[in-house]
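I have placed the structure first, in the form of structure tokens, so that the comments after it can refer back to it.
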Amino acid sequence: MEMDLTLKVEIQNSKVGIGFKQNNWCFFKLKSENQNLQLNFYKPLIFKVLILFIFNLKLSICFSQFNPQSKSIAEKFFPELELDILTPAFQKTSGFTNYKEMMDWLDKTIRSHSELVSISFIGESQKGKAIPMLVMTRKNQKPKTKVWMQGGLHGDEPAGTEAMLYLIDKLLNDPKMSGLLDDLEIAIVPMANIDGYEKQHRESANGMDLNRDQTRLKAPESISLKSAFSTFHAAVALDFHEYRPYRKHFTRMGQAGITSRYDAMFLYSGNLNVPKVLRDFTKQTFVKNAEKVMDDNKLIHHDYITTQKYGGQVQFNLGSVHSRSSASNFALANCVSTLLEIRGVGVGRMSFKRRVKSSFLIALSYLETAQKEKVTLVKVLAEAANTNQPVVVISERLTRKDSILVIDLASEKEEKMSVTIHDALQSKPSLQRERPKAYILSVSEKKAASKLRILGLKVDSLQEDKELEVESYQTSKIESAEESEEAEGGEKGDSEEDADSKQASANTKVVKMKFTKGSYVVYTQQDRANLACEVLEPENANGFVMMKVVKAISNQEIPIYRYMHSEKITP
């Protein structure tokens, strides 16, 4: 039948439509990212009910799940803070800071403090909006420790952006914090995914998750951000996010479902190609200091955990190993790296000051630790850069029992829940190889060489044809589909980790072969060499073979080679 009228409303990434048909019938249609639903009703009886349902009950529909957070849970466990924050979102009663408001605020702030802060634009979003980066420091003769911070990489996680603006305001206007600029040079990208942020959508304009694109570097925003990060050469890097406290798997737990209890979760790398000295220093110094700040402010924290099904049972992954997301990618670039997950996705503006303050306190703690531990930081990064450890191609997490804090939705009580944890912070290698002196890429691999340079690696070229003894990769299996955006537990984009699976296998053999002039050479004694080891081994789930940057076919040689001799082959 023909419709007389259709009303469409968008509610947090889901579209609700009411259509009126002839003969007193209407339909109610819900369309979200992974479901479509249409129900037909008799118009005179249902019309008012539908209108009340949409406009008066404040429905929060995120992907396929309903957000059950009640006001009583927010007030009991996550009470709002009494805090004066002068950033744009807190000058209005609804919504979050949009791009224009941010740029107007930044312009005014910079003009008032031009001696301490400068702004540049590192690229454009897919819809043509300039991505701002601020650099803050006080001009003096002291050597500066460089700190990188970014927010808003996922567009539906607004606390990170607001916290970056709050941090900028405090660094420039609070005398208690101004001393940090004597010793630090701080680069801040407050809204990394502008197009997604403007719509409060997680992904960029072309539907990509930018925190699954840190090795593939397919989105223009990813290339701009990584180029700016590589040029800045940070010693410390933080990426501010928010997490979804109500996961699909949580609906089957407790009496009537559970929700997470944690204000903040720390995601730092368990990737075994990050030298142990750097992993330990990150955890025992930077994370530990920030955890104490959280404790002092009565904010609850934990290492980052997400759910995934193993053998039909819901279990938990802890920590990160995958270099396609920032926590490990930044660490492999030889810096102290942490991704902060604040409890916030899907709860609107509930506890928003609390979320911003949590992010701000952690940011401030890292800045203070970078200032205090400057000498040790330099030593640790130098030691990590000079590593000669084997290349870990595939690792396995330790499985253990533990307990986590949750809130039972039926009783609205905090409980300890016993769970099975797959711990990335206690990973063990299951496939490793001797570290080569260099990787050589065929002259045809121009795209791979370009991405290596964006990642901050020095890539040389052969000045003449050369015959060299190398190790070649002979593949026996390649199953390199496009990288899945599906996260653990079937909740798209709700985790830093995707399911681990061995998708390729290869054997190495020693061969002599002739390399043509222009072939690319990447030495493994440079600051960011561990990124090269990560992306050039073919079995690595985050590497160039699996991401189809380098074309590979089963049972054929891959155009990447391992040079094992100490003699340099380029000038």
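By convention in this document, the chains of the structure tokens carry letters A, B, ... by their order, each chain's residues are numbered from 1, and ligands are numbered from 1 in the order they are shown.
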- Residues flagged strand (DSSP E) by DSSP in range 160-297 of chain A, as a VMD selection string: chain A and resid 184 to 189 236 to 243 258 to 260 264 to 267
Set the distance at 6 Å and use only C-alpha atoms: which residues neighbour range 542-551 of chain A once local chain neighbours fewer than 4 positions away are removed? I'd like the list as a PDB file with all heavy atoms, in the first residue's frame.
```pdb
ATOM      1  N   ARG A 324      47.423  -2.726  15.325  1.00  0.00           N
ATOM      2  CA  ARG A 324      46.492  -1.939  14.515  1.00  0.00           C
ATOM      3  C   ARG A 324      45.784  -0.884  15.351  1.00  0.00           C
ATOM      4  O   ARG A 324      45.093  -0.020  14.805  1.00  0.00           O
ATOM      5  CB  ARG A 324      45.474  -2.840  13.818  1.00  0.00           C
ATOM      6  CG  ARG A 324      44.607  -3.673  14.750  1.00  0.00           C
ATOM      7  CD  ARG A 324      43.550  -4.431  13.926  1.00  0.00           C
ATOM      8  NE  ARG A 324      42.983  -5.546  14.670  1.00  0.00           N
ATOM      9  CZ  ARG A 324      43.392  -6.800  14.560  1.00  0.00           C
ATOM     10  NH1 ARG A 324      44.414  -7.080  13.756  1.00  0.00           N
ATOM     11  NH2 ARG A 324      42.824  -7.764  15.237  1.00  0.00           N
ATOM     12  N   SER A 480      44.177 -13.928   3.770  1.00  0.00           N
ATOM     13  CA  SER A 480      44.214 -12.522   4.157  1.00  0.00           C
ATOM     14  C   SER A 480      42.990 -11.787   3.638  1.00  0.00           C
ATOM     15  O   SER A 480      43.038 -11.105   2.626  1.00  0.00           O
ATOM     16  CB  SER A 480      45.480 -11.856   3.640  1.00  0.00           C
ATOM     17  OG  SER A 480      45.573 -12.013   2.247  1.00  0.00           O
ATOM     18  N   VAL A 535      55.166  -5.385  11.180  1.00  0.00           N
ATOM     19  CA  VAL A 535      54.342  -5.333   9.966  1.00  0.00           C
ATOM     20  C   VAL A 535      54.921  -6.140   8.805  1.00  0.00           C
ATOM     21  O   VAL A 535      54.197  -6.421   7.839  1.00  0.00           O
ATOM     22  CB  VAL A 535      54.106  -3.875   9.509  1.00  0.00           C
ATOM     23  CG1 VAL A 535      53.398  -3.090  10.594  1.00  0.00           C
ATOM     24  CG2 VAL A 535      55.404  -3.193   9.082  1.00  0.00           C
ATOM     25  N   LEU A 536      56.176  -6.567   8.879  1.00  0.00           N
ATOM     26  CA  LEU A 536      56.791  -7.236   7.736  1.00  0.00           C
ATOM     27  C   LEU A 536      56.857  -8.750   7.867  1.00  0.00           C
ATOM     28  O   LEU A 536      57.124  -9.435   6.865  1.00  0.00           O
ATOM     29  CB  LEU A 536      58.190  -6.668   7.475  1.00  0.00           C
ATOM     30  CG  LEU A 536      58.206  -5.190   7.042  1.00  0.00           C
ATOM     31  CD1 LEU A 536      59.626  -4.695   6.844  1.00  0.00           C
ATOM     32  CD2 LEU A 536      57.387  -4.970   5.778  1.00  0.00           C
ATOM     33  N   PRO A 538      55.096 -12.139   7.728  1.00  0.00           N
ATOM     34  CA  PRO A 538      53.831 -12.400   7.029  1.00  0.00           C
ATOM     35  C   PRO A 538      52.722 -12.986   7.884  1.00  0.00           C
ATOM     36  O   PRO A 538      51.542 -12.774   7.593  1.00  0.00           O
ATOM     37  CB  PRO A 538      54.232 -13.384   5.925  1.00  0.00           C
ATOM     38  CG  PRO A 538      55.532 -13.972   6.365  1.00  0.00           C
ATOM     39  CD  PRO A 538      56.214 -12.905   7.157  1.00  0.00           C
TER      40      PRO A 538
END
```
- Message: With only C-alpha atoms as the counted atoms, please give the residues lying no more than 6 Å from Val391 in chain A, apart from itself and same-chain residues fewer than 6 positions off, as number ranges by chain.
- Response: A: 432-433, 435
Can you write just those residues out, N, CA, C and O atoms, as a PDB file, in the first residue's frame?
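Contents of the output file selection-v7.pdb:
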```pdb
ATOM      1  N   GLN A 432      58.510 -17.317  16.926  1.00  0.00           N
ATOM      2  CA  GLN A 432      59.457 -16.210  16.896  1.00  0.00           C
ATOM      3  C   GLN A 432      60.606 -16.555  15.962  1.00  0.00           C
ATOM      4  O   GLN A 432      60.877 -17.717  15.686  1.00  0.00           O
ATOM      5  N   ARG A 433      61.275 -15.514  15.479  1.00  0.00           N
ATOM      6  CA  ARG A 433      62.386 -15.686  14.558  1.00  0.00           C
ATOM      7  C   ARG A 433      63.552 -14.802  15.006  1.00  0.00           C
ATOM      8  O   ARG A 433      63.348 -13.778  15.663  1.00  0.00           O
ATOM      9  N   ARG A 435      66.132 -12.001  14.921  1.00  0.00           N
ATOM     10  CA  ARG A 435      65.984 -10.635  14.416  1.00  0.00           C
ATOM     11  C   ARG A 435      66.948 -10.415  13.254  1.00  0.00           C
ATOM     12  O   ARG A 435      68.155 -10.611  13.398  1.00  0.00           O
TER      13      ARG A 435
END
```
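Minimum atom-to-atom distances from A:Ser224, A:Thr285, A:Ser359, A:Ser328 to Glu124 in chain A were compared using only C-alpha atoms, and the lowest value belongs to A:Ser224.
The nearest approach to Ser554 in chain A among the residues A:Gln426, A:Ser476, A:Thr420, A:Ser365, with only C-alpha atoms taken into account, belongs to A:Ser476.
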Would you mind listing, for every residue of range 151-264 of chain A within 9 Å of range 406-410 of chain A, the two atoms forming the shortest contact and the distance between them in Å to one decimal, using only C-alpha atoms, sorted by chain and ascending residue number, as a Markdown table?
```
| residue | atom | partner | partner_atom | distance |
| --- | --- | --- | --- | --- |
| A:Met253 | CA | A:Asp408 | CA | 8.4 |
| A:Gly254 | CA | A:Asp408 | CA | 6.0 |
| A:Gln255 | CA | A:Ala410 | CA | 6.0 |
| A:Ala256 | CA | A:Ala410 | CA | 5.4 |
| A:Gly257 | CA | A:Leu409 | CA | 5.7 |
| A:Ile258 | CA | A:Asp408 | CA | 4.6 |
| A:Thr259 | CA | A:Ile407 | CA | 5.3 |
| A:Ser260 | CA | A:Val406 | CA | 4.9 |
| A:Arg261 | CA | A:Val406 | CA | 4.8 |
| A:Tyr262 | CA | A:Val406 | CA | 8.0 |
```
Write to file, as a CSV table (one decimal), in the first residue's frame, the residues of the selection just made, with N, CA and C atoms.
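Result went into result.csv, see below:
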```csv
chain,number,residue,atom,x,y,z
A,253,MET,N,24.2,-12.1,32.3
A,253,MET,CA,24.9,-12.3,33.5
A,253,MET,C,24.1,-11.7,34.7
A,254,GLY,N,24.3,-12.2,35.9
A,254,GLY,CA,23.6,-11.7,37.1
A,254,GLY,C,22.1,-12.0,37.0
A,255,GLN,N,21.3,-11.4,37.9
A,255,GLN,CA,19.9,-11.7,37.9
A,255,GLN,C,19.2,-11.1,36.7
A,256,ALA,N,19.6,-9.9,36.3
A,256,ALA,CA,18.9,-9.3,35.1
A,256,ALA,C,19.9,-8.5,34.3
A,257,GLY,N,21.1,-9.0,34.2
A,257,GLY,CA,22.1,-8.3,33.5
A,257,GLY,C,23.0,-7.5,34.5
A,258,ILE,N,24.2,-7.1,34.0
A,258,ILE,CA,25.2,-6.4,34.8
A,258,ILE,C,25.7,-5.2,34.0
A,259,THR,N,26.4,-4.3,34.6
A,259,THR,CA,27.1,-3.3,34.0
A,259,THR,C,28.5,-3.1,34.6
A,260,SER,N,29.4,-2.5,33.9
A,260,SER,CA,30.8,-2.4,34.4
A,260,SER,C,30.8,-1.3,35.6
A,261,ARG,N,31.7,-1.6,36.5
A,261,ARG,CA,31.8,-0.7,37.7
A,261,ARG,C,32.9,0.3,37.5
A,262,TYR,N,33.7,0.2,36.5
A,262,TYR,CA,35.0,1.0,36.5
A,262,TYR,C,34.8,2.4,35.8
```
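Pairwise distance (CA of Gly160 in chain A, CA of Glu414 in chain A) equals 26.3 Å.
Among the candidates A:Gly270, A:Pro190, A:Pro275, A:Pro436, the residue lying nearest to Ala385 in chain A is A:Pro275 (atoms considered: only C-alpha atoms).
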- From a DSSP pass on the backbone, collect the residues of range 208-342 of chain A flagged as alpha helix (DSSP H) and hand them back as a PyMOL selection string. chain A and resi 220-232+276-281+288-296+326-332
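Using only C-alpha atoms, the shortest contact distance between Gln525 in chain A and any of A:Ser472, A:Val336, A:Lys509, A:Leu457 is found at A:Leu457.
In this comparison, which uses only C-alpha atoms, the residue of A:Asn271, A:Thr376, A:Ser227, A:Asn140 approaching Gln214 in chain A most closely is A:Ser227.
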